[in-house]
Structures are given as C-alpha cells and as structure tokens.
Amino acid sequence: MSRVLVGVKRVIDYAVKIRVKPDHSGVVTDGVKHSMNPFCEIAVEEAVKLKEKKFIKEVVAVSCGPTQVTETIRTALAMGCDRGIHVEVSGKDYEAMGPLQISKIFAALAKKEEASLVILGKQAIDDDCNQTGQMTAALLDWPQGTFASEVTIDGEKVKVVREIDGGLETIKISMPAVLTADLRLNTPRYATLPNIMKAKKKKIANMKPADLGVDEPPTRLAGVKVETVDDLVAKLKANGTI
Amino acid sequence: MANPLRREVRQLYKNLLYLGREYPQGADYFRERLNSAFMKNKYVTDPKEIRKLVDCGEDVIKELGTMYYLREYSIMKKRFYEEELLGLLNIGRPTD
C-alpha cells in the first residue's frame, strides 16, 4: 500500500512586499496575504501526478503550525491530496520552530503512516533554509533525492534527475525515500473553486508534536559576546565544544 | 434559459469570480469586466449559443490559471536562479 507524505508550509505570499516591524523585532505578518510555499505547491503537484499515474495509492498533506495552516492543507486537498494532517504548534513554540523540529515531526509521521515517499519543497521562501528534506532523510536513514527536476518510479526504485551546480545529475535510489522539489519539476495546477468545494469533504486530522513523541523546541538561550578570538576559543574549550 | 444551463452559467460566473480575486489589476477591476461580459449576453436564448459562450468562459479559466502560474514561475526564477543567469552572461555579482 503505497502512501506519500507531502509537507506544505504556509508562508507570506511570494508577491507581497515584505515590511519590517517598526520595533525591528521581525516582519509584519498580521493582515498580510499568506499562501502555500511555491516549492511546496510543486511537491504537492508531483505527489498528485504520481497518484494519477497509479504509482501510489494515497497522498497525505501535512503542515505544522497554528490553526491558519489548515487553509494551506485545504489548498493541498483541492489540488488532489486525499487527506490532511495538521500538527498543531502555536505561539512562541511556532516562532522557535525550525527545520530540525519539523524534520523530527515528519520522520515520526513517515514511520507512523508507513509512507514510501516523503516529498517536500526544496526550501521555503521565507527562511530559505533548504534543510528540512535533508534532515528528515537523515533522521529516517532513508536515501534522498534533493533538488529534483524529474522523478520517475521504476519498480522499487526512484530515478531522480537533480539540479546541481554543474548541471544535472541522475541518481537511482531505493524506496522509501525523501525527495525535495525544485522549480522545474512540474507545473502546479491552480486550485479552482469546484475542487476547493470537493476538498471540503476530505478529512484533516489534528495532532500535537507530543503525540508523535517529539519534544517542544528548546527555548533559545541568550548568546554571549566575546572580545577576541582567543576568548572565543577559551570559552568553547571550557564549554566542552572543542 | 433551460434549467441545467442556468446552473452551469451561474457556476461559471462563481468560478471566474473566484479566480479573479488574484487578478493583477485588482479584483474589483476584474469583477466589473466579468459583470459587463455576462450582462452583454443576458438576452441570449439559443442553447447552442449559450453552450458556446460557456465553453468560452471555461477557456478563460484555463488562461487565467496559466497566467498566474507564469507570473509566479518568472518571479521565482528571477529570485532563485539569478546567479545562474548571471553566470551564463558572465556578469559578476553586484558588490554591496
């Protein structure tokens, strides 16, 4: 039973002009248009295409964040995903969340849902981390096909054409695997009104990171400034880091 | 107007209105043009004619979807692949 997990992130819309808050504590997000990360759209499209070609049976859209991310999950459902999972994280925890916590959640879900593939966008346009896919693969000890511009399923293996600095690289990896989508992978379909209406009947399950055995992200400790490089080295040695 | 066609026309209007929310020149501009386009054909009664107009509307939906995609793709390409383009043109990166 082939199942694919697709991660989608709710970000400030790509066309919005970003404004910094007057107190410089961050970026204005209230009342600003949010939508699905463009690379996540491409990831969803690829998963739905694989289902249409009958390589997989079910596509599950997953998003982590406050209640608003259910809108993004609904868009993924309208694009053709079968059901959604909303991992609820809000407030300060959400602001402190980064690729490591997300990948822990995805790794736990991939195991729980017995997914054959986890498809993510290569990076989010708000943080440009480009880490979640790679970390998820590492946590699961699964092969990874990142920066995918072409994906073909060949029996138990996946052929991935990757966009790398020198050009294109073709690899063949076995499933289960993690893939991250690059811009040229496909053309995402637009979620039209009839599809959105149909998607309303699809289920979105709600859970907390704790339900998956993932801890809350640690609160960030204040940094320490030092005067010289020697001070830095001394502090790192005292710390046990080096 | 025959009943099933009436429903189709109404659904077409709703679908177009939904797509028009993201129109570059503004949702209101789109709505005005949409309304006048539908009003212009208000008194058409021949089902074949209505069918043709509805198909026309469906084509507009496809065009809008493609236009939105192209806009997003070109912005994303510029933002993330500028280095690639500069490399091809043998232009160095701008210094701060």
# chains A, B, ... in the order shown; residues from 1 in each chain; ligands from 1
$ interface_residues --of "chain B" --to "chain A" --cutoff "9 Å" --atoms "only C-alpha atoms" --output "list of chain:residue names"
B:Gln11, B:Lys14, B:Asn15, B:Leu16, B:Tyr18, B:Leu19, B:Ile61, B:Gly65, B:Thr66, B:Tyr68, B:Tyr69, B:Glu72, B:Tyr73, B:Ile75, B:Met76, B:Lys77, B:Glu84
$ residues_around --residues "A:Asn37" --least-positions-apart "2" --cutoff "12 Å" --atoms "only C-alpha atoms" --output "ChimeraX atom specification"
/A:7-15,34-35,39-44,63,69,72-73,75-76,120-128,181,183,188 /B:72,76
$ residues_around --residues "A:Arg83" --least-positions-apart "3" --cutoff "6 Å" --atoms "only C-alpha atoms" --output "list of chain:residue names"
A:Val60, A:Lys202, A:Lys203, A:Ile204
$ write_last_selection --atoms "C-alpha atoms" --output "compact mmCIF listing (two decimals), in the first residue's frame"
# COMPACT_ATOMS: atom_id res chain seq x y z
CA VAL A 60 -1.36 12.82 2.67
CA LYS A 202 -11.80 15.46 2.86
CA LYS A 203 -10.56 14.94 6.41
CA ILE A 204 -7.82 16.82 8.21
$ residues_around --residues "A:Thr132" --least-positions-apart "2" --cutoff "10 Å" --atoms "only C-alpha atoms" --output "list in words"
Gly7, Gly98, Pro99, Leu100, Gln101, Ile102, Ser103, Lys104, Phe106, Leu120, Gly121, Lys122, Gln123, Ala124, Cys129, Asn130, Gln134, Met135, Thr136, Ala137, Ala138 and Thr180 of chain A
$ atom_distance --atom1 "atom CA of B:Pro47" --atom2 "atom CA of B:Leu34"
20.7 Å
$ select_by_dssp --residues "stretch 60-134 of chain A" --states "strand (DSSP E)" --output "PyMOL selection string"
chain A and resi 60-65+83-88+117-121
$ write_last_selection --atoms "N, CA and C atoms" --output "short mmCIF file (atom, residue, chain, number, x, y, z; two decimals), in the first residue's frame"
data_model
loop_
_atom_site.label_atom_id
_atom_site.label_comp_id
_atom_site.auth_asym_id
_atom_site.auth_seq_id
_atom_site.Cartn_x
_atom_site.Cartn_y
_atom_site.Cartn_z
N VAL A 60 -0.96 12.17 1.43
CA VAL A 60 -1.36 12.82 2.67
C VAL A 60 -0.60 14.14 2.78
N ALA A 61 -1.34 15.24 2.93
CA ALA A 61 -0.72 16.56 3.06
C ALA A 61 -0.52 16.87 4.54
N VAL A 62 0.69 17.31 4.89
CA VAL A 62 0.99 17.59 6.29
C VAL A 62 1.50 19.00 6.44
N SER A 63 1.04 19.70 7.48
CA SER A 63 1.59 21.01 7.77
C SER A 63 1.69 21.21 9.28
N CYS A 64 2.72 21.93 9.71
CA CYS A 64 2.90 22.19 11.15
C CYS A 64 2.70 23.67 11.40
N GLY A 65 1.95 23.99 12.43
CA GLY A 65 1.77 25.39 12.75
C GLY A 65 0.45 25.66 13.44
N ARG A 83 -6.03 13.19 2.08
CA ARG A 83 -6.38 13.68 3.40
C ARG A 83 -5.24 14.51 3.95
N GLY A 84 -5.51 15.20 5.06
CA GLY A 84 -4.51 16.09 5.61
C GLY A 84 -4.22 15.78 7.07
N ILE A 85 -3.04 16.20 7.52
CA ILE A 85 -2.69 16.10 8.94
C ILE A 85 -2.18 17.47 9.37
N HIS A 86 -2.80 18.00 10.41
CA HIS A 86 -2.39 19.29 10.95
C HIS A 86 -1.69 19.03 12.27
N VAL A 87 -0.37 19.29 12.32
CA VAL A 87 0.36 19.15 13.57
C VAL A 87 0.35 20.52 14.22
N GLU A 88 -0.38 20.61 15.33
CA GLU A 88 -0.64 21.93 15.88
C GLU A 88 0.50 22.44 16.77
N LEU A 117 7.22 7.42 0.33
CA LEU A 117 7.94 8.62 -0.10
C LEU A 117 7.53 9.80 0.77
N VAL A 118 8.48 10.66 1.05
CA VAL A 118 8.17 11.95 1.65
C VAL A 118 8.64 12.99 0.64
N ILE A 119 7.71 13.82 0.17
CA ILE A 119 8.08 14.83 -0.82
C ILE A 119 7.91 16.21 -0.20
N LEU A 120 8.97 17.01 -0.26
CA LEU A 120 8.93 18.37 0.30
C LEU A 120 9.40 19.34 -0.76
N GLY A 121 9.13 20.62 -0.52
CA GLY A 121 9.71 21.63 -1.38
C GLY A 121 11.18 21.77 -1.02
#
$ select_by_dssp --residues "stretch 110-149 of chain A" --states "helix (DSSP H, G or I)" --output "list in words"
Ala110, Lys111, Lys112, Thr132, Gly133, Gln134, Met135, Thr136, Ala137, Ala138, Leu139 and Leu140 of chain A
$ write_last_selection --atoms "C-alpha atoms" --output "PDB file, in the first residue's frame"
ATOM      1  CA  ALA A 110       6.563   8.932   7.910  1.00  0.00           C
ATOM      2  CA  LYS A 111       7.117   5.932  10.192  1.00  0.00           C
ATOM      3  CA  LYS A 112       3.620   6.098  11.665  1.00  0.00           C
ATOM      4  CA  THR A 132      14.163  20.034   6.229  1.00  0.00           C
ATOM      5  CA  GLY A 133      14.252  17.419   3.454  1.00  0.00           C
ATOM      6  CA  GLN A 134      17.852  16.500   4.100  1.00  0.00           C
ATOM      7  CA  MET A 135      17.387  16.331   7.878  1.00  0.00           C
ATOM      8  CA  THR A 136      14.252  14.199   7.536  1.00  0.00           C
ATOM      9  CA  ALA A 137      16.119  11.718   5.350  1.00  0.00           C
ATOM     10  CA  ALA A 138      18.981  11.589   7.844  1.00  0.00           C
ATOM     11  CA  LEU A 139      16.661  11.008  10.816  1.00  0.00           C
ATOM     12  CA  LEU A 140      14.899   8.199   8.950  1.00  0.00           C
TER      13      LEU A 140
END
$ residues_around --residues "A:Glu58" --least-positions-apart "3" --cutoff "10 Å" --atoms "only C-alpha atoms" --output "NGL selection string"
:A and (1-5 or 47-48 or 50-51 or 54-55 or 61 or 80-83 or 115)
$ write_last_selection --atoms "all heavy atoms" --output "tab-separated table (two decimals), in the first residue's frame"
chain	number	residue	atom	x	y	z
A	1	MET	N	0.86	-1.19	0.00
A	1	MET	CA	0.00	0.00	0.00
A	1	MET	C	0.90	1.25	0.00
A	1	MET	O	1.50	1.59	1.00
A	1	MET	CB	-0.89	-0.05	1.24
A	1	MET	CG	-1.55	1.25	1.66
A	1	MET	SD	-2.68	1.99	0.51
A	1	MET	CE	-3.73	2.92	1.58
A	2	SER	N	1.00	1.87	-1.18
A	2	SER	CA	1.93	2.98	-1.32
A	2	SER	C	1.31	4.29	-0.88
A	2	SER	O	0.29	4.72	-1.40
A	2	SER	CB	2.33	3.09	-2.80
A	2	SER	OG	3.68	2.86	-2.92
A	3	ARG	N	1.97	4.91	0.08
A	3	ARG	CA	1.45	6.18	0.58
A	3	ARG	C	2.56	7.23	0.51
A	3	ARG	O	3.73	6.93	0.79
A	3	ARG	CB	0.99	6.00	2.03
A	3	ARG	CG	0.27	7.19	2.60
A	3	ARG	CD	-0.23	6.90	3.99
A	3	ARG	NE	-1.35	5.97	3.96
A	3	ARG	CZ	-1.51	4.99	4.83
A	3	ARG	NH1	-0.61	4.78	5.77
A	3	ARG	NH2	-2.56	4.19	4.76
A	4	VAL	N	2.18	8.44	0.15
A	4	VAL	CA	3.15	9.54	0.07
A	4	VAL	C	2.77	10.63	1.04
A	4	VAL	O	1.60	11.02	1.12
A	4	VAL	CB	3.21	10.11	-1.37
A	4	VAL	CG1	3.99	11.41	-1.39
A	4	VAL	CG2	3.83	9.12	-2.31
A	5	LEU	N	3.76	11.13	1.77
A	5	LEU	CA	3.55	12.26	2.67
A	5	LEU	C	4.09	13.50	1.97
A	5	LEU	O	5.21	13.48	1.45
A	5	LEU	CB	4.38	12.02	3.94
A	5	LEU	CG	3.67	12.07	5.28
A	5	LEU	CD1	2.59	11.02	5.34
A	5	LEU	CD2	4.66	11.84	6.40
A	47	ALA	N	3.30	14.72	-6.19
A	47	ALA	CA	2.66	13.61	-5.49
A	47	ALA	C	1.34	13.24	-6.15
A	47	ALA	O	1.05	12.06	-6.38
A	47	ALA	CB	2.44	13.98	-4.02
A	48	VAL	N	0.53	14.27	-6.48
A	48	VAL	CA	-0.77	14.01	-7.10
A	48	VAL	C	-0.58	13.36	-8.48
A	48	VAL	O	-1.32	12.46	-8.87
A	48	VAL	CB	-1.59	15.31	-7.21
A	48	VAL	CG1	-2.85	15.11	-8.00
A	48	VAL	CG2	-1.93	15.83	-5.81
A	50	LEU	N	1.90	11.43	-9.37
A	50	LEU	CA	2.29	10.03	-9.16
A	50	LEU	C	1.07	9.18	-8.86
A	50	LEU	O	0.96	8.03	-9.28
A	50	LEU	CB	3.30	9.92	-8.02
A	50	LEU	CG	4.72	10.41	-8.32
A	50	LEU	CD1	5.56	10.40	-7.07
A	50	LEU	CD2	5.38	9.55	-9.39
A	51	LYS	N	0.11	9.78	-8.12
A	51	LYS	CA	-1.11	9.05	-7.81
A	51	LYS	C	-1.94	8.86	-9.08
A	51	LYS	O	-2.50	7.79	-9.31
A	51	LYS	CB	-1.92	9.82	-6.76
A	51	LYS	CG	-3.16	9.08	-6.34
A	51	LYS	CD	-3.93	9.82	-5.29
A	51	LYS	CE	-5.41	9.64	-5.58
A	51	LYS	NZ	-6.24	10.59	-4.92
A	54	LYS	N	-0.93	6.16	-11.07
A	54	LYS	CA	-1.17	4.91	-10.34
A	54	LYS	C	0.08	4.29	-9.73
A	54	LYS	O	0.13	3.10	-9.48
A	54	LYS	CB	-1.88	3.87	-11.24
A	54	LYS	CG	-3.14	4.38	-11.90
A	54	LYS	CD	-4.36	3.60	-11.43
A	54	LYS	CE	-5.57	3.90	-12.28
A	54	LYS	NZ	-6.26	5.13	-11.88
A	55	PHE	N	1.12	5.12	-9.48
A	55	PHE	CA	2.29	4.58	-8.81
A	55	PHE	C	2.07	4.50	-7.31
A	55	PHE	O	2.70	3.73	-6.62
A	55	PHE	CB	3.53	5.46	-9.08
A	55	PHE	CG	4.09	5.26	-10.44
A	55	PHE	CD1	4.08	6.28	-11.38
A	55	PHE	CD2	4.63	4.04	-10.81
A	55	PHE	CE1	4.59	6.09	-12.64
A	55	PHE	CE2	5.15	3.85	-12.08
A	55	PHE	CZ	5.13	4.87	-13.00
A	61	ALA	N	-1.34	15.24	2.93
A	61	ALA	CA	-0.72	16.56	3.06
A	61	ALA	C	-0.52	16.87	4.54
A	61	ALA	O	-1.43	16.72	5.34
A	61	ALA	CB	-1.59	17.62	2.41
A	80	GLY	N	-5.59	17.84	-4.98
A	80	GLY	CA	-5.73	16.41	-5.23
A	80	GLY	C	-5.25	15.49	-4.12
A	80	GLY	O	-5.31	14.27	-4.28
A	81	CYS	N	-4.76	16.01	-3.00
A	81	CYS	CA	-4.37	15.13	-1.90
A	81	CYS	C	-5.62	14.49	-1.30
A	81	CYS	O	-6.71	15.03	-1.39
A	81	CYS	CB	-3.64	15.93	-0.82
A	81	CYS	SG	-2.11	16.65	-1.40
A	82	ASP	N	-5.43	13.29	-0.70
A	82	ASP	CA	-6.60	12.56	-0.21
A	82	ASP	C	-7.02	12.98	1.18
A	82	ASP	O	-8.19	13.08	1.48
A	82	ASP	CB	-6.28	11.06	-0.20
A	82	ASP	CG	-6.00	10.57	-1.60
A	82	ASP	OD1	-6.94	10.60	-2.41
A	82	ASP	OD2	-4.84	10.22	-1.89
A	83	ARG	N	-6.03	13.19	2.08
A	83	ARG	CA	-6.38	13.68	3.40
A	83	ARG	C	-5.24	14.51	3.95
A	83	ARG	O	-4.14	14.50	3.39
A	83	ARG	CB	-6.71	12.53	4.35
A	83	ARG	CG	-5.63	11.50	4.52
A	83	ARG	CD	-6.11	10.35	5.40
A	83	ARG	NE	-5.17	9.24	5.32
A	83	ARG	CZ	-4.14	9.08	6.15
A	83	ARG	NH1	-3.94	9.95	7.14
A	83	ARG	NH2	-3.31	8.07	6.01
A	115	ALA	N	4.89	5.55	5.13
A	115	ALA	CA	4.98	6.19	3.83
A	115	ALA	C	6.13	5.60	3.01
A	115	ALA	O	7.16	5.22	3.57
A	115	ALA	CB	5.20	7.69	4.01
$ residues_around --residues "B:Asn41" --least-positions-apart "6" --cutoff "10 Å" --atoms "only C-alpha atoms" --output "VMD selection string"
chain B and resid 49 to 50 53
